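*Asks:* Input structure: coords01.cif, which contains mmCIF, C-alpha atoms.
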data_final
#
loop_
_atom_site.label_atom_id
_atom_site.label_comp_id
_atom_site.auth_asym_id
_atom_site.auth_seq_id
_atom_site.Cartn_x
_atom_site.Cartn_y
_atom_site.Cartn_z
CA MET R 1 104.42 119.79 86.91
CA THR R 2 104.87 123.30 88.28
CA ARG R 3 107.31 124.41 90.97
CA GLN R 4 106.31 125.08 94.57
CA PRO R 5 109.12 127.35 95.80
CA LEU R 6 108.96 126.48 99.51
CA VAL R 7 108.83 122.73 98.90
CA ALA R 8 111.52 122.94 96.25
CA ARG R 9 113.90 124.94 98.43
CA ARG R 10 113.54 122.53 101.33
CA ALA R 11 114.25 119.56 99.09
CA GLU R 12 117.23 121.33 97.53
CA ASP R 13 118.72 122.01 100.97
CA LEU R 14 118.47 118.31 101.84
CA LEU R 15 119.52 116.86 98.50
CA GLY R 16 122.09 119.38 97.35
CA ALA R 17 120.49 119.31 93.89
CA ALA R 18 118.19 121.73 92.06
CA VAL R 19 114.46 120.93 91.88
CA VAL R 20 113.03 122.01 88.53
CA ALA R 21 109.40 120.98 89.08
CA THR R 22 107.01 119.67 91.76
CA ALA R 23 103.56 118.08 91.73
CA PRO R 24 101.21 116.87 94.49
CA VAL R 25 100.75 113.12 94.88
CA ALA R 26 97.42 111.74 96.06
CA GLY R 27 96.92 108.77 98.34
CA GLY R 28 98.59 109.51 101.67
CA ASP R 29 96.36 110.05 104.72
CA ILE R 30 99.05 111.23 107.15
CA ALA R 31 101.85 113.08 105.36
CA THR R 32 101.70 115.40 102.37
CA ALA R 33 103.37 113.79 99.36
CA THR R 34 105.03 115.71 96.53
CA ARG R 35 106.73 114.48 93.39
CA LEU R 36 110.05 116.19 92.65
CA ARG R 37 111.85 116.40 89.33
CA LEU R 38 115.52 117.16 89.77
CA ASN R 39 117.85 118.90 87.36
CA ASN R 40 119.79 115.68 86.80
CA GLY R 41 116.68 114.10 85.27
CA THR R 42 115.76 111.88 88.23
CA THR R 43 112.45 111.90 90.10
CA ALA R 44 111.89 111.64 93.85
CA LEU R 45 109.05 111.56 96.34
CA MET R 46 109.00 114.00 99.25
CA LYS R 47 106.82 113.38 102.32
CA THR R 48 106.26 116.19 104.81
CA LEU R 49 104.39 116.43 108.09
CA PRO R 50 104.63 119.64 110.12
CA HIS R 51 105.16 119.12 113.84
CA ALA R 52 105.75 115.40 113.41
CA PRO R 53 107.26 113.55 116.37
CA ALA R 54 111.02 114.04 116.29
CA ASP R 55 111.73 110.44 115.24
CA PHE R 56 108.71 109.92 112.98
CA PHE R 57 110.42 110.04 109.58
CA GLU R 58 113.72 108.70 110.88
CA SER R 59 111.87 105.58 112.08
CA GLU R 60 110.41 105.10 108.61
CA ALA R 61 113.81 105.61 107.00
CA HIS R 62 115.41 103.14 109.41
CA GLY R 63 112.77 100.53 108.58
CA LEU R 64 113.25 100.95 104.84
CA ARG R 65 117.01 100.62 105.12
CA TRP R 66 116.69 97.56 107.36
CA LEU R 67 114.35 95.87 104.90
CA ALA R 68 116.72 96.68 102.04
CA GLU R 69 119.48 94.82 103.86
CA GLY R 70 117.40 91.67 103.48
CA SER R 71 118.15 91.55 99.74
CA GLY R 72 114.62 90.49 98.90
CA VAL R 73 111.60 92.70 98.42
CA LEU R 74 112.34 96.08 96.84
CA VAL R 75 112.03 99.33 98.81
CA PRO R 76 112.55 102.94 97.68
CA GLU R 77 116.01 104.32 98.40
CA VAL R 78 116.17 106.85 101.23
CA LEU R 79 117.64 110.01 99.72
CA ALA R 80 117.28 112.37 102.68
CA VAL R 81 115.50 112.62 106.01
CA ASP R 82 114.95 115.23 108.71
CA PRO R 83 112.43 115.58 111.57
CA GLU R 84 109.62 116.86 109.31
CA CYS R 85 110.52 115.41 105.93
CA LEU R 86 111.53 112.23 104.10
CA ILE R 87 112.71 112.05 100.49
CA LEU R 88 112.69 108.72 98.64
CA SER R 89 113.49 107.52 95.16
CA TRP R 90 110.39 107.58 92.93
CA VAL R 91 108.60 104.36 91.97
CA GLU R 92 106.87 104.79 88.64
CA PRO R 93 103.46 103.06 88.91
CA GLY R 94 102.71 100.07 86.74
CA LYS R 95 100.40 97.05 86.87
CA CYS R 96 100.21 93.92 89.00
CA THR R 97 100.97 91.24 86.44
CA HIS R 98 101.12 87.52 87.15
CA ASP R 99 104.90 87.63 86.83
CA ALA R 100 105.14 90.59 89.20
CA ALA R 101 103.01 88.76 91.78
CA THR R 102 105.18 85.66 91.53
CA GLY R 103 108.32 87.73 91.89
CA PHE R 104 106.89 89.52 94.91
CA GLY R 105 106.11 86.23 96.67
CA ARG R 106 109.66 84.98 96.15
CA ALA R 107 111.20 88.31 97.17
CA LEU R 108 109.11 88.51 100.34
CA ALA R 109 110.23 85.01 101.27
CA ALA R 110 113.85 86.11 100.86
CA THR R 111 113.32 89.16 103.08
CA HIS R 112 111.72 87.06 105.79
CA ARG R 113 114.48 84.48 105.51
CA SER R 114 117.15 87.13 106.13
CA GLY R 115 115.93 87.14 109.71
CA ALA R 116 116.22 89.46 112.68
CA PRO R 117 118.26 89.41 115.92
CA SER R 118 115.12 89.06 118.05
CA TYR R 119 111.37 89.47 118.13
CA GLY R 120 111.07 93.25 118.05
CA LEU R 121 113.55 95.92 117.01
CA ASP R 122 116.28 98.05 118.53
CA ARG R 123 114.01 101.11 118.44
CA ASP R 124 110.32 101.91 118.73
CA GLY R 125 108.40 103.10 115.69
CA TYR R 126 104.96 104.12 114.47
CA ILE R 127 101.91 102.45 112.98
CA GLY R 128 100.02 105.21 111.20
CA ARG R 129 100.13 108.07 113.69
CA LEU R 130 100.27 105.79 116.72
CA PRO R 131 103.48 104.97 118.61
CA LEU R 132 104.59 101.37 118.10
CA PRO R 133 106.51 99.62 120.92
CA ASN R 134 109.23 97.30 119.65
CA LYS R 135 111.15 96.33 122.79
CA PRO R 136 112.51 92.82 122.09
CA ALA R 137 110.94 89.77 123.73
CA ASP R 138 112.17 86.20 124.13
CA THR R 139 109.27 84.57 122.26
CA TRP R 140 106.93 85.61 119.50
CA ALA R 141 103.86 84.95 121.68
CA GLU R 142 105.19 87.31 124.37
CA PHE R 143 106.10 89.96 121.81
CA TYR R 144 102.76 89.77 119.99
CA ALA R 145 100.78 89.88 123.23
CA THR R 146 102.67 92.66 125.04
CA ARG R 147 103.88 94.85 122.16
CA ARG R 148 101.07 94.44 119.66
CA VAL R 149 97.68 93.21 120.85
CA LEU R 150 97.34 94.36 124.46
CA PRO R 151 98.57 97.98 124.09
CA TYR R 152 96.11 98.68 121.28
CA LEU R 153 93.31 96.76 122.99
CA LYS R 154 93.73 99.11 125.98
CA LEU R 155 93.79 102.18 123.75
CA ALA R 156 90.72 101.00 121.81
CA ARG R 157 88.93 100.41 125.12
CA ASP R 158 89.93 103.87 126.40
CA ARG R 159 88.59 105.44 123.20
CA GLY R 160 85.32 103.54 123.35
CA ALA R 161 86.11 101.61 120.17
CA ILE R 162 85.59 98.17 121.75
CA ASP R 163 83.20 97.17 124.54
CA ASP R 164 84.08 95.16 127.61
CA GLY R 165 82.69 91.86 126.33
CA ASP R 166 84.59 92.08 123.06
CA ALA R 167 87.74 93.13 124.91
CA ARG R 168 87.50 90.03 127.12
CA ALA R 169 87.29 87.84 124.02
CA VAL R 170 90.58 89.30 122.77
CA GLU R 171 92.22 88.90 126.19
CA ALA R 172 91.14 85.26 126.29
CA VAL R 173 92.89 84.38 123.05
CA VAL R 174 96.04 86.26 124.06
CA ALA R 175 96.47 83.86 126.96
CA ARG R 176 96.43 80.94 124.52
CA LEU R 177 98.88 82.32 121.94
CA PRO R 178 101.85 80.06 122.86
CA GLY R 179 99.83 76.98 121.99
CA LEU R 180 98.18 78.35 118.88
CA VAL R 181 101.08 79.52 116.71
CA PRO R 182 104.19 77.38 116.16
CA GLU R 183 107.40 79.13 117.10
CA GLU R 184 109.84 80.02 114.33
CA PRO R 185 113.06 82.05 114.31
CA PRO R 186 112.37 85.80 114.02
CA ALA R 187 111.71 86.86 110.43
CA ARG R 188 112.48 90.29 108.99
CA LEU R 189 108.99 91.76 108.63
CA HIS R 190 107.56 94.79 106.88
CA GLY R 191 104.97 94.88 109.66
CA ASP R 192 102.21 96.89 107.92
CA LEU R 193 101.99 95.02 104.65
CA TRP R 194 98.50 95.86 103.46
CA ASN R 195 97.59 96.42 99.82
CA GLY R 196 98.17 100.18 99.97
CA ASN R 197 101.80 99.68 100.98
CA VAL R 198 102.62 97.51 97.96
CA LEU R 199 103.48 99.52 94.84
CA TRP R 200 103.49 97.71 91.51
CA GLY R 201 106.15 99.40 89.43
CA VAL R 202 106.38 99.97 85.71
CA ASP R 203 109.57 97.89 85.99
CA GLY R 204 107.35 94.83 86.48
CA ARG R 205 108.25 94.39 90.15
CA ALA R 206 106.62 95.09 93.51
CA HIS R 207 108.04 97.72 95.86
CA VAL R 208 106.95 98.16 99.49
CA ILE R 209 106.62 101.41 101.41
CA ASP R 210 105.62 102.75 104.85
CA PRO R 211 106.95 99.88 106.97
CA ALA R 212 106.45 99.16 110.65
CA ALA R 213 109.52 96.95 110.41
CA HIS R 214 110.51 94.52 113.16
CA GLY R 215 111.49 90.93 113.84
CA GLY R 216 108.39 88.76 114.11
CA HIS R 217 106.46 85.78 112.79
CA ARG R 218 106.40 85.64 109.00
CA GLU R 219 102.73 84.64 108.96
CA THR R 220 101.99 88.19 110.17
CA ASP R 221 102.97 89.83 106.87
CA LEU R 222 100.97 87.26 104.90
CA ALA R 223 97.90 87.86 107.07
CA MET R 224 98.18 91.60 106.45
CA LEU R 225 98.24 91.04 102.70
CA ALA R 226 94.94 89.17 103.04
CA LEU R 227 93.21 91.65 105.37
CA PHE R 228 92.24 94.27 102.78
CA GLY R 229 92.94 92.26 99.65
CA LEU R 230 95.87 92.25 97.24
CA PRO R 231 95.74 91.75 93.48
CA ASN R 232 96.85 88.24 92.50
CA LEU R 233 97.23 87.26 96.17
CA PRO R 234 96.91 83.49 95.52
CA ARG R 235 99.82 83.70 93.07
CA VAL R 236 101.89 85.68 95.61
CA LEU R 237 101.20 83.08 98.30
CA ASP R 238 101.94 80.13 96.03
CA ALA R 239 105.29 81.62 95.03
CA TYR R 240 106.08 82.40 98.67
CA ALA R 241 105.24 78.88 99.85
CA GLU R 242 107.32 77.36 97.07
CA ALA R 243 110.33 79.43 98.12
CA ALA R 244 109.76 79.11 101.88
CA PRO R 245 107.24 76.42 102.88
CA LEU R 246 104.88 77.39 105.69
CA ALA R 247 103.95 75.38 108.79
CA ASP R 248 100.83 73.26 108.51
CA GLY R 249 97.60 75.08 109.27
CA TRP R 250 98.91 78.57 108.61
CA GLN R 251 95.72 79.51 106.74
CA GLU R 252 93.69 78.81 109.87
CA ARG R 253 95.91 81.19 111.87
CA VAL R 254 95.42 84.21 109.62
CA GLY R 255 92.78 85.69 111.95
CA LEU R 256 95.16 85.59 114.91
CA HIS R 257 97.71 87.69 113.07
CA GLN R 258 94.98 90.12 111.99
CA LEU R 259 94.04 90.97 115.59
CA PHE R 260 96.75 93.62 115.77
CA PRO R 261 95.87 95.60 112.62
CA LEU R 262 92.15 95.37 113.41
CA LEU R 263 92.77 96.85 116.86
CA VAL R 264 94.97 99.58 115.37
CA HIS R 265 92.13 100.46 113.00
CA ALA R 266 89.72 100.46 115.93
CA CYS R 267 91.97 102.97 117.71
CA LEU R 268 92.30 105.18 114.64
CA PHE R 269 88.88 104.94 113.02
CA GLY R 270 86.45 103.28 115.43
CA GLY R 271 83.54 101.91 113.46
CA GLY R 272 83.22 98.15 113.34
CA TYR R 273 86.90 97.30 113.75
CA GLY R 274 86.64 96.53 117.47
CA PRO R 275 83.84 93.98 116.98
CA ARG R 276 85.73 92.53 114.00
CA ALA R 277 88.78 91.95 116.20
CA ALA R 278 86.60 90.24 118.81
CA ASP R 279 84.96 88.03 116.17
CA ALA R 280 88.41 86.99 114.95
CA ALA R 281 89.52 86.23 118.52
CA ARG R 282 86.47 84.10 119.28
CA ARG R 283 87.40 81.68 116.51
CA TYR R 284 90.36 80.56 118.61
CA THR R 285 88.79 80.26 122.06
#
Give the structure from this file in structure tokens form.

*Replies:*
Amino acid sequence: MTRQPLVARRAEDLLGAAVVATAPVAGGDIATATRLRLNNGTTALMKTLPHAPADFFESEAHGLRWLAEGSGVLVPEVLAVDPECLILSWVEPGKCTHDAATGFGRALAATHRSGAPSYGLDRDGYIGRLPLPNKPADTWAEFYATRRVLPYLKLARDRGAIDDGDARAVEAVVARLPGLVPEEPPARLHGDLWNGNVLWGVDGRAHVIDPAAHGGHRETDLAMLALFGLPNLPRVLDAYAEAAPLADGWQERVGLHQLFPLLVHACLFGGGYGPRAADAARRYT
């Protein structure tokens, strides 16, 4: 590790501690990530994004703190935040062992079980670079339709990422949501729980990052874990179901909960994500 003076000085101003070394961290596709070594021997992660929306990093920090209150899945500690920067405790990378996967399933069940006041959150957030509406709704079906699927379906349509026929297929399944997914009390969700947001630590435990936290249906987080694959996913799901049994038929509803992230990817990346969302929707019409 060397020392980048500008990065180090900014971190020192926020932390009130000397930074003795810095190093770039690969992997992020939005913010620039830097590893910091402090003079007290601890290590931290600094994320920066020039000209970020004023609440961009504060929303992430709020989500991490809210998840931590659930006393379940582990999240990095928020050390400092300002409009263009977030500093978190460092998670030393390790491996996804069978024991770590089992522990993650149980911890995620505990986080979900800690609940939320409503479907939604008391503030809007972000999913990637896109604004994420979180205004509370009375039912999960209303929340998922009006705050998740339909806004990003419109944006994908406006950007030419989904054609009219495929968009109609998604709209058709939205109208049927109340009868397709059994209602449950709002769970405390990570909200963007794909493989890249699960860090397997050298401590033998899973840590989650980059949340789009809100109160929602717990099947949503499980569907996200399946969308792009997760090491030892069957073991995670078995441990979860043992700790918090799922409603019958939840496996058949995975595609419904994947509509939202597929549409977000259509908005951000185009490609085949719009047709994939329509194919998922057609399985339920």

*Asks:* Scan for residues within 6 Å of the point (114.7, 103.8, 98.6) in the coordinates of the file, using all atoms listed in the file, and reply as a short mmCIF file (atom, residue, chain, number, x, y, z; two decimals) with C-alpha atoms, in the frame of the given file.

*Replies:*
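Ended up saving to result.cif:
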data_model
loop_
_atom_site.label_atom_id
_atom_site.label_comp_id
_atom_site.auth_asym_id
_atom_site.auth_seq_id
_atom_site.Cartn_x
_atom_site.Cartn_y
_atom_site.Cartn_z
CA VAL R 75 112.03 99.33 98.81
CA PRO R 76 112.55 102.94 97.68
CA GLU R 77 116.01 104.32 98.40
CA VAL R 78 116.17 106.85 101.23
CA LEU R 88 112.69 108.72 98.64
CA SER R 89 113.49 107.52 95.16
#

*Asks:* Nearest residue to Leu189 in chain R out of R:Arg253, R:Arg35, R:His112, R:Arg123, using only C-alpha atoms?

*Replies:*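 Under the stated criterion, the closest residue is R:His112.
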
*Asks:* Write out, as CSV, each residue of range 198-285 of chain R that has an atom at most 12 Å from range 44-65 of chain R, together with the closest pair of atoms and their distance in Å to one decimal, counting all atoms listed in the file, rows going by chain and rising number.

*Replies:*
residue,atom,partner,partner_atom,distance
R:His207,CA,R:Leu64,CA,10.9
R:Val208,CA,R:Leu64,CA,8.7
R:Ile209,CA,R:Leu64,CA,7.5
R:Asp210,CA,R:Glu60,CA,6.5
R:Pro211,CA,R:Gly63,CA,6.1
R:Ala212,CA,R:Gly63,CA,6.8
R:Ala213,CA,R:Gly63,CA,5.2
R:His214,CA,R:Gly63,CA,7.9
R:Gly215,CA,R:Gly63,CA,11.0

*Asks:* I'd like the residues picked by the PyMOL selection byres ((chain R and resi 137) around 12) written out as a ChimeraX atom specification, using the chain letters and numbers from the file.

*Replies:* /R:117-122,133-136,138-148,186,214-216

*Asks:* When distances are computed from all atoms listed in the file, which of R:Pro5, R:Val20, R:Ala223, R:Asp166 shows the smallest separation from Leu237 in chain R?

*Replies:*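 Answer, going by the shortest atom-to-atom distance: R:Ala223.
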
*Asks:* Assuming the chain letters and numbering stay as they are in my file, what does the PyMOL selection byres ((chain R and resi 130) around 10) actually select? List them as JSON, numbers by chain.

*Replies:* {"R": [125, 126, 127, 128, 129, 131, 132, 133, 152, 264, 267, 268]}

*Asks:* Which residues fall under the PyMOL selection byres ((chain R and resi 70) around 9) in this file, as JSON, numbers by chain?

*Replies:* {"R": [66, 67, 68, 69, 71, 72, 73, 110, 111, 112, 113, 114, 115, 188]}

*Asks:* Which polymer residues have any atom within 9 Å of an atom of Val149 in chain R, counting all atoms listed in the file, with same-chain residues fewer than 5 positions away left out, as a ChimeraX atom specification?

*Replies:* /R:144,154,170-171,174,259-261,263-264

*Asks:* Go through R:Gly272, R:Val198, R:Leu256, R:Asp163 and flag the residue nearest Pro178 in chain R, using only C-alpha atoms for the distances.

*Replies:*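 Looking at the shortest contact to Pro178 in chain R, the residue is R:Leu256.
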
*Asks:* Rounded to one decimal place, report the CA of Leu155 in chain R-CA of Ala169 in chain R distance in Å.

*Replies:*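 These two atoms are separated by 15.7 Å.
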
*Asks:* Select, from R:Leu177, R:Leu14, R:Ala156, R:Leu225, the residue with the minimum atom-to-atom distance to Glu84 in chain R, counting only C-alpha atoms.

*Replies:*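 Comparing R:Leu177, R:Leu14, R:Ala156, R:Leu225 against Glu84 in chain R, the winner is R:Leu14.
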
*Asks:* In terms of the shortest atom-to-atom distance over all atoms listed in the file, which of R:Val81, R:Ala26, R:Cys96, R:Ala8 is closest to Arg235 in chain R?

*Replies:*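 Once distances to Arg235 in chain R are computed over all atoms listed in the file, the minimum belongs to R:Cys96.
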
*Asks:* Need the shell around Asp13 in chain R: protein/DNA/RNA residues with any atom at most 12 Å away, counting all atoms listed in the file. Skip same-chain ones fewer than 5 positions apart. Format as a PyMOL selection string?

*Replies:* chain R and resi 6-8+18-19+80-82+85+87

*Asks:* Take the residues from that selection and write them out as a PDB file, in the frame of the given file, keeping C-alpha atoms.

*Replies:*
ATOM      1  CA  LEU R   6     108.960 126.480  99.510  1.00  0.00           C
ATOM      2  CA  VAL R   7     108.830 122.730  98.900  1.00  0.00           C
ATOM      3  CA  ALA R   8     111.520 122.940  96.250  1.00  0.00           C
ATOM      4  CA  ALA R  18     118.190 121.730  92.060  1.00  0.00           C
ATOM      5  CA  VAL R  19     114.460 120.930  91.880  1.00  0.00           C
ATOM      6  CA  ALA R  80     117.280 112.370 102.680  1.00  0.00           C
ATOM      7  CA  VAL R  81     115.500 112.620 106.010  1.00  0.00           C
ATOM      8  CA  ASP R  82     114.950 115.230 108.710  1.00  0.00           C
ATOM      9  CA  CYS R  85     110.520 115.410 105.930  1.00  0.00           C
ATOM     10  CA  ILE R  87     112.710 112.050 100.490  1.00  0.00           C
TER      11      ILE R  87
END

*Asks:* Pick the closest to Gly27 in chain R from R:His257, R:Thr2, R:Gly196, R:Asn40: which is it, counting only C-alpha atoms?

*Replies:*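 Between R:His257, R:Thr2, R:Gly196, R:Asn40, the residue approaching Gly27 in chain R most closely is R:Gly196.
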
*Asks:* Could you write out as AutoDock Vina command-line options the box around range 39-44 of chain R (axis-aligned, all atoms listed in the file, 5 Å on each side), with centre and edge lengths in Å to one decimal?

*Replies:*
--center_x 115.8 --center_y 115.3 --center_z 89.6 --size_x 17.9 --size_y 17.3 --size_z 18.6

*Asks:* Would you mind reading off the distance between CA of Ala172 in chain R and CA of Ala116 in chain R, one decimal, in Å?

*Replies:*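 Taking CA of Ala172 in chain R as the start and CA of Ala116 in chain R as the end point, the length is 28.8 Å.
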
*Asks:* Could you check how far CA of Arg159 in chain R sits from CA of Gly229 in chain R, in Å to one decimal?

*Replies:*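 Going from CA of Arg159 in chain R over to CA of Gly229 in chain R, I get 27.3 Å.
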
*Asks:* I want to know what sits within 12 Å of Asp99 in chain R, based on all atoms listed in the file, with residues of the same chain fewer than 5 positions away left out; could you give that as a short mmCIF file (atom, residue, chain, number, x, y, z; two decimals) with C-alpha atoms, in the coordinates of the input?

*Replies:*
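Heads up, here's the output in around-v8.cif:
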data_model
loop_
_atom_site.label_atom_id
_atom_site.label_comp_id
_atom_site.auth_asym_id
_atom_site.auth_seq_id
_atom_site.Cartn_x
_atom_site.Cartn_y
_atom_site.Cartn_z
CA PHE R 104 106.89 89.52 94.91
CA GLY R 105 106.11 86.23 96.67
CA ARG R 106 109.66 84.98 96.15
CA TRP R 200 103.49 97.71 91.51
CA ASP R 203 109.57 97.89 85.99
CA GLY R 204 107.35 94.83 86.48
CA ARG R 205 108.25 94.39 90.15
CA ALA R 206 106.62 95.09 93.51
CA ASN R 232 96.85 88.24 92.50
CA ARG R 235 99.82 83.70 93.07
CA VAL R 236 101.89 85.68 95.61
CA ALA R 239 105.29 81.62 95.03
#

*Asks:* Is it possible to get the residues within 9 Å of (88.4, 83.6, 119.1) (coordinates as in the file, counting all atoms listed in the file) written as a list in words?

*Replies:*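 Checked against the point, the hits come out as Ala169, Val170, Ala172, Val173, Gly255, Leu256, Ala277, Ala278, Asp279, Ala280, Ala281, Arg282, Arg283, Tyr284 and Thr285 of chain R.
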